[in-house]
Each structure stands twice: as C-alpha cells, then as structure tokens.
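Source file: model29.cif (mmCIF, C-alpha atoms and all ligand atoms)
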```
data_input
loop_
_atom_site.label_atom_id
_atom_site.label_comp_id
_atom_site.auth_asym_id
_atom_site.auth_seq_id
_atom_site.Cartn_x
_atom_site.Cartn_y
_atom_site.Cartn_z
CA MET A 1 -11.08 0.71 7.25
CA SER A 2 -8.50 3.44 7.59
CA LEU A 3 -8.91 6.35 5.18
CA VAL A 4 -5.20 6.02 4.44
CA VAL A 5 -5.86 2.55 3.05
CA ASP A 6 -8.69 3.93 0.96
CA GLU A 7 -6.37 6.67 -0.35
CA HIS A 8 -4.04 3.93 -1.56
CA ARG A 9 -6.99 2.07 -3.09
CA GLN A 10 -7.53 5.19 -5.18
CA TYR A 11 -3.87 5.25 -6.27
CA LEU A 12 -4.06 1.58 -7.23
CA SER A 13 -7.38 1.86 -9.01
CA ASP A 14 -6.08 4.67 -11.22
CA GLN A 15 -5.45 2.49 -14.28
CA ALA A 16 -3.76 5.25 -16.28
CA ARG A 17 -1.29 5.90 -13.45
CA VAL A 18 -0.49 2.27 -12.64
CA SER A 19 -0.06 1.25 -16.25
CA ALA A 20 2.16 4.28 -17.01
CA PHE A 21 4.45 3.41 -14.07
CA GLY A 22 4.34 -0.28 -15.03
CA GLN A 23 5.38 0.46 -18.61
CA ALA A 24 8.11 2.91 -17.60
CA ILE A 25 9.53 0.59 -14.94
CA GLY A 26 9.52 -2.25 -17.49
CA GLU A 27 11.51 0.00 -19.83
CA VAL A 28 13.99 1.38 -17.32
CA VAL A 29 14.61 -1.26 -14.64
CA LYS A 30 16.98 -3.99 -15.79
CA PRO A 31 17.28 -7.51 -14.34
CA GLY A 32 19.70 -7.41 -11.41
CA ASP A 33 19.15 -3.72 -10.64
CA VAL A 34 18.99 -2.27 -7.15
CA VAL A 35 15.94 0.00 -6.91
CA LEU A 36 14.67 2.55 -4.41
CA ASP A 37 10.89 2.91 -4.06
CA LEU A 38 10.64 6.28 -2.28
CA GLY A 39 7.34 6.76 -0.44
CA SER A 40 6.32 3.19 -1.16
CA GLY A 41 2.75 3.21 0.23
CA THR A 42 1.42 -0.24 -0.72
CA GLY A 43 4.77 -0.98 -2.38
CA ILE A 44 3.25 -1.03 -5.87
CA LEU A 45 6.22 0.61 -7.60
CA GLY A 46 8.62 -1.78 -5.86
CA LEU A 47 6.46 -4.76 -6.83
CA LEU A 48 6.51 -3.59 -10.46
CA ALA A 49 10.31 -3.28 -10.21
CA CYS A 50 10.54 -6.85 -8.84
CA ARG A 51 8.41 -8.01 -11.73
CA ALA A 52 10.82 -6.22 -14.10
CA GLY A 53 13.69 -8.20 -12.56
CA ALA A 54 15.11 -5.94 -9.83
CA LYS A 55 17.50 -7.87 -7.60
CA ARG A 56 16.65 -5.78 -4.54
CA VAL A 57 14.16 -3.00 -3.81
CA TYR A 58 14.52 -0.66 -0.84
CA ALA A 59 11.02 0.58 -0.03
CA ILE A 60 11.10 3.67 2.17
CA GLU A 61 7.79 4.64 3.79
CA GLU A 62 7.25 7.03 6.66
CA GLY A 63 3.65 6.04 7.43
CA GLY A 64 1.85 3.08 8.96
CA MET A 65 1.32 1.61 5.48
CA ILE A 66 4.71 -0.03 5.79
CA ASP A 67 3.47 -3.10 7.70
CA LEU A 68 0.68 -3.64 5.23
CA ALA A 69 3.18 -3.25 2.37
CA ARG A 70 5.40 -5.90 3.98
CA GLU A 71 2.47 -8.33 4.04
CA ILE A 72 1.52 -7.49 0.46
CA CYS A 73 5.12 -8.10 -0.56
CA ARG A 74 5.08 -11.51 1.18
CA ALA A 75 1.75 -12.41 -0.40
CA ASN A 76 3.36 -11.85 -3.78
CA GLY A 77 6.45 -13.91 -2.99
CA PHE A 78 8.96 -11.04 -3.12
CA GLN A 79 9.91 -11.03 0.58
CA GLY A 80 13.51 -11.93 -0.23
CA ARG A 81 13.88 -9.01 -2.62
CA MET A 82 12.13 -6.08 -0.95
CA VAL A 83 13.67 -4.40 2.09
CA PHE A 84 11.31 -2.06 3.96
CA VAL A 85 12.75 0.98 5.68
CA LYS A 86 10.45 2.93 8.01
CA GLY A 87 11.03 6.68 8.11
CA LEU A 88 11.18 9.87 6.12
CA SER A 89 13.52 9.38 3.15
CA THR A 90 15.62 12.41 4.10
CA ARG A 91 16.26 10.95 7.57
CA VAL A 92 17.15 7.34 6.80
CA ASN A 93 20.23 5.69 5.33
CA LEU A 94 20.61 2.76 2.94
CA PRO A 95 23.44 0.21 2.83
CA GLU A 96 23.98 0.60 -0.92
CA ARG A 97 23.15 2.94 -3.79
CA ALA A 98 20.40 2.24 -6.31
CA ASP A 99 20.36 2.02 -10.11
CA ALA A 100 16.90 3.59 -10.16
CA VAL A 101 14.81 5.76 -7.86
CA LEU A 102 11.03 5.48 -8.29
CA ALA A 103 8.47 7.74 -6.67
CA ASP A 104 5.10 9.30 -7.20
CA GLN A 105 5.80 12.40 -5.12
CA ILE A 106 4.13 14.60 -7.70
CA GLY A 107 1.57 17.10 -6.45
CA ASN A 108 -1.48 18.45 -8.27
CA PHE A 109 0.64 21.21 -9.82
CA GLY A 110 3.71 18.97 -9.94
CA PHE A 111 6.15 20.62 -7.55
CA GLU A 112 4.26 19.93 -4.28
CA ALA A 113 4.32 16.66 -2.32
CA GLY A 114 8.06 17.01 -1.84
CA LEU A 115 9.04 16.38 -5.48
CA LEU A 116 12.12 18.62 -5.37
CA GLU A 117 13.25 18.08 -1.77
CA TYR A 118 12.95 14.30 -1.77
CA PHE A 119 14.28 13.72 -5.27
CA SER A 120 17.33 15.95 -4.83
CA ASP A 121 18.16 14.27 -1.51
CA ALA A 122 17.65 10.79 -3.00
CA ARG A 123 19.76 11.67 -6.03
CA GLU A 124 22.66 12.81 -3.84
CA ARG A 125 22.57 10.08 -1.21
CA PHE A 126 20.97 7.02 -2.77
CA LEU A 127 21.49 7.02 -6.55
CA LYS A 128 24.48 5.44 -8.27
CA PRO A 129 26.36 7.72 -10.68
CA GLY A 130 24.52 7.35 -13.98
CA GLY A 131 21.44 5.99 -12.21
CA VAL A 132 17.92 6.80 -13.37
CA MET A 133 15.04 8.64 -11.72
CA ILE A 134 11.39 7.90 -12.49
CA PRO A 135 10.07 10.48 -13.21
CA SER A 136 13.06 12.13 -14.87
CA HIS A 137 11.35 15.44 -15.74
CA VAL A 138 8.22 17.25 -14.59
CA ASP A 139 6.65 19.97 -16.65
CA LEU A 140 4.39 22.61 -15.02
CA SER A 141 1.67 24.00 -17.28
CA VAL A 142 -0.91 26.73 -16.89
CA ALA A 143 -3.96 27.90 -18.83
CA PRO A 144 -6.53 30.69 -18.43
CA VAL A 145 -9.74 29.26 -17.00
CA GLU A 146 -13.40 30.14 -16.86
CA CYS A 147 -14.84 28.33 -13.90
CA PRO A 148 -17.66 30.22 -12.13
CA GLU A 149 -18.54 27.27 -9.89
CA ILE A 150 -15.10 27.36 -8.28
CA PHE A 151 -14.87 31.12 -8.23
CA ASP A 152 -18.09 30.98 -6.15
CA GLN A 153 -15.98 29.47 -3.37
CA VAL A 154 -14.09 32.78 -3.20
CA GLU A 155 -17.22 34.92 -3.51
CA PHE A 156 -19.03 32.86 -0.89
CA TRP A 157 -17.52 35.03 1.87
CA ASN A 158 -19.10 38.18 0.42
CA HIS A 159 -22.59 36.69 0.48
CA SER A 160 -23.31 37.00 4.21
CA PRO A 161 -23.73 33.29 4.99
CA ALA A 162 -26.32 32.74 7.77
CA GLY A 163 -27.02 36.47 7.64
CA PHE A 164 -23.64 37.53 9.08
CA ASP A 165 -20.84 39.59 7.57
CA PHE A 166 -17.90 37.28 6.79
CA HIS A 167 -16.29 39.46 4.12
CA THR A 168 -12.91 39.62 5.93
CA ALA A 169 -12.35 35.95 5.01
CA ARG A 170 -12.61 36.71 1.29
CA SER A 171 -9.06 37.93 0.88
CA LEU A 172 -7.79 34.67 2.41
CA ALA A 173 -10.02 32.76 -0.02
CA ALA A 174 -8.64 34.73 -2.99
CA ASN A 175 -5.10 33.85 -1.93
CA THR A 176 -5.62 30.10 -1.89
CA GLY A 177 -4.86 27.48 -4.54
CA TYR A 178 -7.89 25.17 -4.92
CA PRO A 179 -7.71 21.49 -5.90
CA VAL A 180 -10.08 21.13 -8.84
CA LYS A 181 -10.63 18.69 -11.69
CA PHE A 182 -10.87 20.91 -14.77
CA ARG A 183 -12.66 19.82 -17.89
CA PRO A 184 -11.47 20.94 -21.36
CA GLU A 185 -14.42 23.35 -21.63
CA HIS A 186 -13.10 25.31 -18.62
CA LEU A 187 -10.06 26.42 -20.64
CA LEU A 188 -10.09 29.82 -22.35
CA GLY A 189 -6.87 29.18 -24.24
CA HIS A 190 -4.14 26.64 -24.93
CA PRO A 191 -1.98 25.63 -21.97
CA VAL A 192 1.58 26.91 -21.85
CA SER A 193 4.47 25.15 -20.13
CA LEU A 194 6.09 27.45 -17.55
CA THR A 195 9.06 25.18 -16.90
CA THR A 196 10.36 21.65 -17.20
CA ILE A 197 12.04 20.50 -14.02
CA ASP A 198 14.95 18.17 -14.75
CA LEU A 199 15.14 15.93 -11.70
CA SER A 200 18.72 14.90 -12.50
CA LYS A 201 19.75 18.45 -11.53
CA ALA A 202 16.88 20.18 -9.74
CA THR A 203 17.17 21.48 -6.19
CA PRO A 204 14.43 22.77 -3.87
CA ALA A 205 15.50 26.36 -4.61
CA CYS A 206 12.73 28.80 -5.52
CA LEU A 207 11.26 28.83 -9.03
CA THR A 208 10.50 32.07 -10.86
CA LEU A 209 8.31 31.38 -13.87
CA GLU A 210 6.60 33.38 -16.57
CA GLY A 211 4.30 32.66 -19.48
CA SER A 212 1.95 34.39 -21.93
CA LEU A 213 -1.44 32.81 -22.58
CA VAL A 214 -3.69 33.77 -25.46
CA ALA A 215 -7.48 33.56 -25.24
CA THR A 216 -8.78 31.35 -28.03
CA ARG A 217 -12.40 32.20 -27.28
CA THR A 218 -14.49 34.89 -25.65
CA GLY A 219 -15.34 34.25 -22.01
CA THR A 220 -14.77 35.29 -18.41
CA LEU A 221 -11.39 34.79 -16.82
CA HIS A 222 -11.73 33.57 -13.22
CA GLY A 223 -8.16 32.51 -12.68
CA ILE A 224 -5.32 30.29 -13.80
CA GLY A 225 -5.38 26.50 -13.92
CA GLY A 226 -2.20 24.54 -13.20
CA TRP A 227 -1.20 20.89 -13.73
CA PHE A 228 1.80 18.71 -14.57
CA THR A 229 3.15 16.34 -17.17
CA ALA A 230 5.86 14.01 -15.89
CA ARG A 231 8.27 12.08 -18.09
CA LEU A 232 8.57 8.58 -16.64
CA SER A 233 10.75 7.11 -19.42
CA ASN A 234 11.57 7.68 -23.07
CA HIS A 235 8.17 6.43 -24.13
CA VAL A 236 5.92 7.13 -21.16
CA ILE A 237 4.43 10.30 -19.75
CA LEU A 238 2.08 10.79 -16.81
CA SER A 239 -0.24 13.78 -16.69
CA ASN A 240 -3.29 15.20 -14.95
CA SER A 241 -3.85 17.69 -17.78
CA PRO A 242 -7.54 18.12 -18.62
CA LEU A 243 -6.50 17.73 -22.27
CA SER A 244 -4.59 14.46 -21.82
CA THR A 245 -6.20 11.37 -23.32
CA GLN A 246 -4.44 9.27 -20.67
CA ARG A 247 -5.23 11.67 -17.83
CA ILE A 248 -4.59 10.25 -14.37
CA ASN A 249 -7.05 10.64 -11.53
CA ARG A 250 -5.38 13.59 -9.81
CA ARG A 251 -6.88 17.02 -9.43
CA ASN A 252 -5.43 20.25 -10.87
CA VAL A 253 -4.98 23.56 -9.06
CA PHE A 254 -7.09 26.69 -9.51
CA PHE A 255 -5.35 29.99 -8.73
CA PRO A 256 -8.12 32.62 -8.57
CA ILE A 257 -7.87 36.29 -9.51
CA ASP A 258 -9.52 38.93 -7.35
CA ARG A 259 -12.35 39.68 -9.77
CA PRO A 260 -13.49 38.07 -13.02
CA VAL A 261 -12.37 39.76 -16.24
CA ALA A 262 -14.14 39.53 -19.60
CA LEU A 263 -11.77 38.15 -22.25
CA ALA A 264 -12.09 38.56 -26.00
CA LYS A 265 -10.53 36.11 -28.43
CA GLY A 266 -6.88 37.12 -28.91
CA ASP A 267 -6.48 38.83 -25.50
CA CYS A 268 -3.24 38.04 -23.76
CA VAL A 269 -2.98 36.84 -20.15
CA ARG A 270 0.51 37.15 -18.70
CA VAL A 271 1.28 34.93 -15.73
CA MET A 272 4.23 35.32 -13.39
CA MET A 273 4.74 32.76 -10.65
CA HIS A 274 7.15 32.53 -7.80
CA ILE A 275 7.26 29.17 -6.03
CA LEU A 276 9.03 28.24 -2.80
CA PRO A 277 8.77 24.43 -3.03
CA ALA A 278 9.82 23.53 0.52
CA ASP A 279 7.20 25.83 2.05
CA VAL A 280 4.62 25.10 -0.68
CA LEU A 281 4.24 28.86 -1.16
CA VAL A 282 3.05 30.19 -4.52
CA THR A 283 2.78 33.81 -5.60
CA TRP A 284 0.87 34.42 -8.84
CA LYS A 285 0.65 37.70 -10.70
CA VAL A 286 -1.76 37.91 -13.60
CA GLU A 287 -2.08 40.69 -16.17
CA VAL A 288 -4.71 40.93 -18.89
CA TRP A 289 -3.67 42.78 -22.06
CA GLY A 290 -6.09 43.74 -24.83
CA ASP A 291 -3.19 44.57 -27.15
CA ALA A 292 0.49 45.30 -26.61
CA GLU A 293 -0.29 48.77 -25.24
CA THR A 294 -3.46 48.22 -23.22
CA ARG A 295 -3.24 46.50 -19.88
CA ARG A 296 -6.81 45.92 -18.78
CA ALA A 297 -6.29 44.31 -15.39
CA ARG A 298 -3.57 43.32 -12.99
CA PHE A 299 -3.70 41.01 -9.95
CA SER A 300 -1.22 39.83 -7.38
CA HIS A 301 -1.92 36.91 -5.02
CA SER A 302 0.06 34.69 -2.72
CA THR A 303 -0.72 31.62 -0.65
CA LEU A 304 1.27 33.36 2.09
CA GLN A 305 -1.59 35.86 2.37
CA GLY A 306 -4.03 32.98 2.44
CA MET A 307 -2.42 31.34 5.44
CA LEU A 308 -4.01 31.48 8.86
CA ILE A 309 -1.06 32.61 10.90
CA CYS A 310 -2.23 33.96 14.25
CA LYS A 311 -0.46 36.89 15.89
CA GLU A 312 0.68 34.82 18.87
CA ASP A 313 2.45 32.30 16.59
CA LEU A 314 4.00 35.09 14.52
CA GLN A 315 5.42 36.77 17.63
CA ARG A 316 7.09 33.51 18.54
CA THR A 317 9.07 33.55 15.28
CA GLN A 318 10.69 36.96 15.95
CA PRO A 319 14.48 36.84 16.60
CA HIS A 320 14.15 38.77 19.88
CA PHE A 321 11.59 36.33 21.30
CA ILE A 322 12.96 34.38 24.30
CA PRO A 323 11.29 30.95 24.27
CA LYS A 324 10.69 28.86 27.35
CA LEU A 325 9.08 25.44 27.59
CA SER A 326 5.32 25.13 28.13
CA PRO A 327 4.06 22.39 30.52
CA TRP A 328 3.68 20.11 27.46
CA GLY A 329 7.21 20.98 26.38
CA GLU A 330 8.41 20.05 29.88
CA ALA A 331 6.59 16.70 29.63
CA ARG A 332 8.20 16.04 26.27
CA ARG A 333 11.61 16.90 27.70
CA SER A 334 10.97 14.45 30.58
CA ILE A 335 10.26 11.67 28.08
CA LEU A 336 13.36 12.38 26.04
CA GLU A 337 15.52 12.47 29.19
CA LEU A 338 14.01 9.23 30.46
CA CYS A 339 14.85 7.45 27.20
CA ASP A 340 18.39 6.77 28.41
CA GLY A 341 18.74 3.29 26.97
CA GLN A 342 18.15 1.75 30.44
CA ARG A 343 14.50 2.25 31.33
CA ALA A 344 11.60 0.17 30.03
CA LEU A 345 8.65 1.90 28.42
CA SER A 346 6.28 1.07 31.33
CA GLU A 347 8.71 2.76 33.74
CA ILE A 348 8.87 5.88 31.54
CA GLU A 349 5.06 6.04 31.32
CA GLN A 350 4.67 5.82 35.09
CA GLU A 351 7.34 8.43 35.72
CA VAL A 352 5.84 10.87 33.22
CA TYR A 353 2.38 10.44 34.77
CA HIS A 354 3.88 11.01 38.21
CA ARG A 355 5.96 14.07 37.20
CA HIS A 356 3.19 15.88 35.31
CA PRO A 357 -0.04 15.28 37.27
CA GLY A 358 -1.66 18.45 35.91
CA LEU A 359 -1.47 17.25 32.30
CA PHE A 360 -2.84 13.73 32.37
CA ARG A 361 -6.14 12.56 33.86
CA SER A 362 -5.17 8.89 33.75
CA PRO A 363 -2.06 6.71 33.29
CA GLY A 364 -3.50 5.78 29.88
CA GLN A 365 -3.38 9.41 28.72
CA ALA A 366 0.25 9.69 29.83
CA ALA A 367 1.06 6.43 28.00
CA ALA A 368 -0.52 7.76 24.79
CA PHE A 369 1.59 10.93 24.98
CA VAL A 370 4.74 8.89 25.65
CA ALA A 371 3.95 6.68 22.63
CA GLU A 372 3.57 9.78 20.44
CA VAL A 373 7.04 11.01 21.36
CA ILE A 374 8.74 7.62 21.36
CA THR A 375 7.49 6.47 17.97
CA ARG A 376 8.86 9.72 16.56
CA TYR A 377 12.24 10.10 18.21
CA CYS A 378 13.32 6.72 19.57
CA VAL A 379 14.78 3.56 18.07
C1 LIG A 401 1.39 9.47 -3.29
S1 LIG A 401 1.61 8.12 -2.22
C2 LIG A 401 2.31 6.98 -3.38
C3 LIG A 401 2.40 5.58 -2.86
C4 LIG A 401 3.00 4.58 -3.85
N1 LIG A 401 4.35 4.89 -4.20
C5 LIG A 401 2.17 4.51 -5.10
O1 LIG A 401 2.69 4.84 -6.16
O2 LIG A 401 1.01 4.11 -5.02
C6 LIG A 401 3.00 8.67 -1.29
C7 LIG A 401 3.41 7.78 -0.12
O3 LIG A 401 4.73 8.18 0.25
C8 LIG A 401 4.84 8.39 1.65
N2 LIG A 401 5.84 9.46 1.75
C9 LIG A 401 5.74 10.72 1.29
N3 LIG A 401 6.92 11.35 1.39
C10 LIG A 401 7.80 10.44 1.92
C11 LIG A 401 9.17 10.50 2.24
N4 LIG A 401 9.91 11.58 2.01
N5 LIG A 401 9.75 9.42 2.81
C12 LIG A 401 9.02 8.29 3.04
N6 LIG A 401 7.72 8.18 2.74
C13 LIG A 401 7.12 9.24 2.17
C14 LIG A 401 3.44 8.71 2.11
O4 LIG A 401 3.25 8.30 3.46
C15 LIG A 401 2.59 7.90 1.12
O5 LIG A 401 2.35 6.59 1.62
#
```

Full structure transcribed into structure tokens:
Amino acid sequence: MSLVVDEHRQYLSDQARVSAFGQAIGEVVKPGDVVLDLGSGTGILGLLACRAGAKRVYAIEEGGMIDLAREICRANGFQGRMVFVKGLSTRVNLPERADAVLADQIGNFGFEAGLLEYFSDARERFLKPGGVMIPSHVDLSVAPVECPEIFDQVEFWNHSPAGFDFHTARSLAANTGYPVKFRPEHLLGHPVSLTTIDLSKATPACLTLEGSLVATRTGTLHGIGGWFTARLSNHVILSNSPLSTQRINRRNVFFPIDRPVALAKGDCVRVMMHILPADVLVTWKVEVWGDAETRRARFSHSTLQGMLICKEDLQRTQPHFIPKLSPWGEARRSILELCDGQRALSEIEQEVYHRHPGLFRSPGQAAAFVAEVITRYCV
C-alpha cells in the first residue's frame, strides 16, 4: 500500500480531528451551499459538507489521491455533488465561488503547510463575499521546554559518532525546528500566544512575533516548543497543544537553543520570532532574564542557517550568473516543444529517445522522463 494512503489513514483515524471538523462543518455549512474542499486528500471534509447539505463541493487535490477520492465519493453516493479538480489550488480555476472554504492546511506550528498562501489565494479567487473559511483563525503558541531527549539530537554531532569528528554538523542541527510530540511535563511554564492569524485578512507576508514566558518551575531550558490552536467555528477549536484535552494527533515543533540554561521559578524567557511563511523560514531569538536587569543568556537561530545549500547552487542564484541549459534541461525543452497539440505521446517518446541518446539507456527510460514532464505541464 502506498505510504500516502497510510498518511491519510492517520488523518482519518484521528478521532479528535475528524469530529472537530465534522462538528464545525455541521455548524457552518448550510443546505444548498457551494463548498470548496482545498487539499481534499480522501475527500473527507467534502463528504462531511455533503452530509451537512452542501449542494456542490469542489474538491481540489494536487496529488494522486484524487482518483481514490473520486471512488470514495461514488461509494458514498455523492458523485453528483462532488466535483474533483486535479491540481495545485493556486493554479486551477473554478466555475463559481463558494460559500465556504474548508482545509486542513495547518502545519505543526500552524503557519506551515501553506496555510497563509493557499487560504489567501482561495479567499480572493474562490470565496463569495461574506463567505466563511474553516478554520477562520489560527493561533500560534510557544512555551519554554525542558526536553533532554530531543536536545540530544543536537548534541549528537559533538559526540564523535563511529569515532569520527562530525562537530561541524552541530550548528546545522541547532538551527533546525524538530517535529516532536511534547507532553505536559516537558513545559517549564505556561504557553503564551504569539499571534492569532485571522484568515479572513491574512496574507503570506512575513510575521514578526514576540512573547515573554515565565518559568513556573525550576528546570533546564533546552528550547522553545511551538504549536497551534485553530478556530473552526464559533463552538469548535482544533489544537495540537500538549495541554489540550482534545489534542489532535499532530506533532509540535521544538526550536532548540545553542546550550541548555538552568531556569529558576520566576525567570523570564523572551522569545522573538520572524517567520517567512512562503519559504517556511523561522528565525528565533531567545533571551533568559533572571530579573528585569539581569540577562543571563541570549541565543539567535534560524532555519536558514540549518539549510543544506551547497556553494554550486548558491552561485546559480547570483544576479550575474548566466544560465544555460544542461543536457537534462535540453531534453525537457525538447518535450515541451514536441507537445504542439499535434503529436501523440508515443511519437514524442520516440523522438526524445532519438534526440538524447546519451541520457536514456532504453526507450522505457525516455518514456518515464516524458511522463514526468507531461503530467506536470500538459493538459
Ligand atoms: C493534510 S492533508 C488533508 C487531507 C484532507 N483534507 C483531510 O482533512 O483529511 C492535505 C492534502 O492536501 C493536498 N494539498 C496540499 N496543498 C494543496 C494545494 N494547494 N492544492 C491542492 N492540494 C493540496 C495534499 O496532497 C494532501 O492530500
């Protein structure tokens, strides 16, 4: 079975998530509504909307799940009401606007997974004036955390694995956000909300956030934990907070600091975050204050510094760089040129194999490359 299907099994088996969406959709979607299920996966949100009385559901899905979702829709007798649209939501069009947009494009810390990009595009192009988004708001929260077992993943690089010196990798490891499922005992203080994103207005512009956290117990600060709480309707929220009684099965994010700091009850941890949603870049600055006058530690990290960008790739992003096509670029250009609305696929495959003998060891390899390009760029 495809791992993608198993990923969707996990979404469906998350009772807290499915019942929160079910309740919110039941509250918000009215009989006769037109609904958009953005990133439909199995189509579960669209099916819930049909059950709530939606007249028509447009289910947009970029991945191969779409065919399975079509069959699932048929098996449930909603084939006349759900219209499946294959593609990325920002690149497709719909014949009419929707009364409600539904999506679970909420990342571990809320803003990732395209929440801001896809919702702002859908709001502008697909939502009726006065229409509703589910979720309507997403709150990003942070707390100071003591979590030696995850901090060990950063320290690992300093411990000479296999007897070799790998310490240069440590700074990359300290500039990485880790997916982690925190437990309440990991928290050194109460969570603080850094922002509430209102999806009726939000854009993918950068977010600059700040918050002050107070240690409620003595312990060792290893970093900052982040998670979200989404408002799905007036009465329903969805959260992966370790403190939520209805917590969904989605991990949180651990933002490490360079070295652990001992915290006493009452110490203050100031957190400043800068987030570029479209690039999924997060900068986190953390200061530990004993009292208003005594700053005990200060750290600055960024996922940009944790990225593996090789020098060759970086050079190719400089404005003075003069690009020219590689042999694979040439082969791709051949395919695009050959797609002139006249030639059959088999003809294109043969021609590409013939034109680029150095790239493909068999006609089958050429056909696979052609399929890759055609499924992406051709209709
Ligand atoms: C987190 S899963 C949620 C699936 C389903 N809505 C649910 O609630 O179980 C996200 C799905 O959206 C698809 N997806 C993500 N961004 C998309 C976009 N902008 N346009 C279309 N599909 C998208 C992914 O391929 C994936 O199947």

Point-to-point distance in Å for atom CA of A:Val101 and atom CA of A:His137: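 Separating atom CA of A:His137 from atom CA of A:Val101 is a distance of 13.0 Å.
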
Distance query A:Val35 at most 10 Å, all atoms listed in the file, self and fewer than 5 positions along chain excluded, as a ChimeraX atom specification: /A:29-30,45-46,49-50,54-59,82,97-102,126-127,131-133

Write to file, as a compact mmCIF listing (two decimals), keeping the file's coordinate frame, the residues of the selection just made, with C-alpha atoms.
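Full text of result02.txt as output:
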```
# COMPACT_ATOMS: atom_id res chain seq x y z
CA VAL A 29 14.61 -1.26 -14.64
CA LYS A 30 16.98 -3.99 -15.79
CA LEU A 45 6.22 0.61 -7.60
CA GLY A 46 8.62 -1.78 -5.86
CA ALA A 49 10.31 -3.28 -10.21
CA CYS A 50 10.54 -6.85 -8.84
CA ALA A 54 15.11 -5.94 -9.83
CA LYS A 55 17.50 -7.87 -7.60
CA ARG A 56 16.65 -5.78 -4.54
CA VAL A 57 14.16 -3.00 -3.81
CA TYR A 58 14.52 -0.66 -0.84
CA ALA A 59 11.02 0.58 -0.03
CA MET A 82 12.13 -6.08 -0.95
CA ARG A 97 23.15 2.94 -3.79
CA ALA A 98 20.40 2.24 -6.31
CA ASP A 99 20.36 2.02 -10.11
CA ALA A 100 16.90 3.59 -10.16
CA VAL A 101 14.81 5.76 -7.86
CA LEU A 102 11.03 5.48 -8.29
CA PHE A 126 20.97 7.02 -2.77
CA LEU A 127 21.49 7.02 -6.55
CA GLY A 131 21.44 5.99 -12.21
CA VAL A 132 17.92 6.80 -13.37
CA MET A 133 15.04 8.64 -11.72
```

Residue with smallest distance to A:Ser89 - pool A:Gly53, A:Gly226, A:Gly114, A:Pro148, counting only C-alpha atoms: A:Gly114

Nearest-residue call for ligand LIG 401 (chain A), choices A:Asn249, A:Asn158, A:Leu187, A:Leu172, using all atoms listed in the file: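 Residue with the minimum atom-to-atom distance to ligand LIG 401 (chain A): A:Asn249.
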
For A:Asn252, please output as a PDB file with C-alpha atoms, in the frame of the given file all residues within 12 Å (counting all atoms listed in the file; exclusion window: fewer than 5 positions along the same chain).
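around27.pdb, freshly written:
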```
ATOM      1  CA  ILE A 106       4.130  14.600  -7.700  1.00  0.00           C
ATOM      2  CA  GLY A 107       1.570  17.100  -6.450  1.00  0.00           C
ATOM      3  CA  ASN A 108      -1.480  18.450  -8.270  1.00  0.00           C
ATOM      4  CA  PHE A 109       0.640  21.210  -9.820  1.00  0.00           C
ATOM      5  CA  GLY A 110       3.710  18.970  -9.940  1.00  0.00           C
ATOM      6  CA  GLU A 112       4.260  19.930  -4.280  1.00  0.00           C
ATOM      7  CA  LEU A 140       4.390  22.610 -15.020  1.00  0.00           C
ATOM      8  CA  SER A 141       1.670  24.000 -17.280  1.00  0.00           C
ATOM      9  CA  VAL A 142      -0.910  26.730 -16.890  1.00  0.00           C
ATOM     10  CA  ALA A 143      -3.960  27.900 -18.830  1.00  0.00           C
ATOM     11  CA  VAL A 145      -9.740  29.260 -17.000  1.00  0.00           C
ATOM     12  CA  GLY A 177      -4.860  27.480  -4.540  1.00  0.00           C
ATOM     13  CA  TYR A 178      -7.890  25.170  -4.920  1.00  0.00           C
ATOM     14  CA  PRO A 179      -7.710  21.490  -5.900  1.00  0.00           C
ATOM     15  CA  VAL A 180     -10.080  21.130  -8.840  1.00  0.00           C
ATOM     16  CA  LYS A 181     -10.630  18.690 -11.690  1.00  0.00           C
ATOM     17  CA  PHE A 182     -10.870  20.910 -14.770  1.00  0.00           C
ATOM     18  CA  ARG A 183     -12.660  19.820 -17.890  1.00  0.00           C
ATOM     19  CA  ILE A 224      -5.320  30.290 -13.800  1.00  0.00           C
ATOM     20  CA  GLY A 225      -5.380  26.500 -13.920  1.00  0.00           C
ATOM     21  CA  GLY A 226      -2.200  24.540 -13.200  1.00  0.00           C
ATOM     22  CA  TRP A 227      -1.200  20.890 -13.730  1.00  0.00           C
ATOM     23  CA  PHE A 228       1.800  18.710 -14.570  1.00  0.00           C
ATOM     24  CA  THR A 229       3.150  16.340 -17.170  1.00  0.00           C
ATOM     25  CA  SER A 239      -0.240  13.780 -16.690  1.00  0.00           C
ATOM     26  CA  ASN A 240      -3.290  15.200 -14.950  1.00  0.00           C
ATOM     27  CA  SER A 241      -3.850  17.690 -17.780  1.00  0.00           C
ATOM     28  CA  PRO A 242      -7.540  18.120 -18.620  1.00  0.00           C
ATOM     29  CA  LEU A 243      -6.500  17.730 -22.270  1.00  0.00           C
ATOM     30  CA  ARG A 247      -5.230  11.670 -17.830  1.00  0.00           C
TER      31      ARG A 247
END
```

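Computed from the coordinates, the atom CA of A:Glu124 to atom CA of A:Pro95 distance equals 14.3 Å.
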
Contacts to ligand LIG 401 (chain A) at 10 Å cut-off (all atoms listed in the file) as a PyMOL selection string: chain A and resi 4-5+7-14+17-18+21+37-46+59-66+69+85-92+102-107+113-115+117-119+121-122
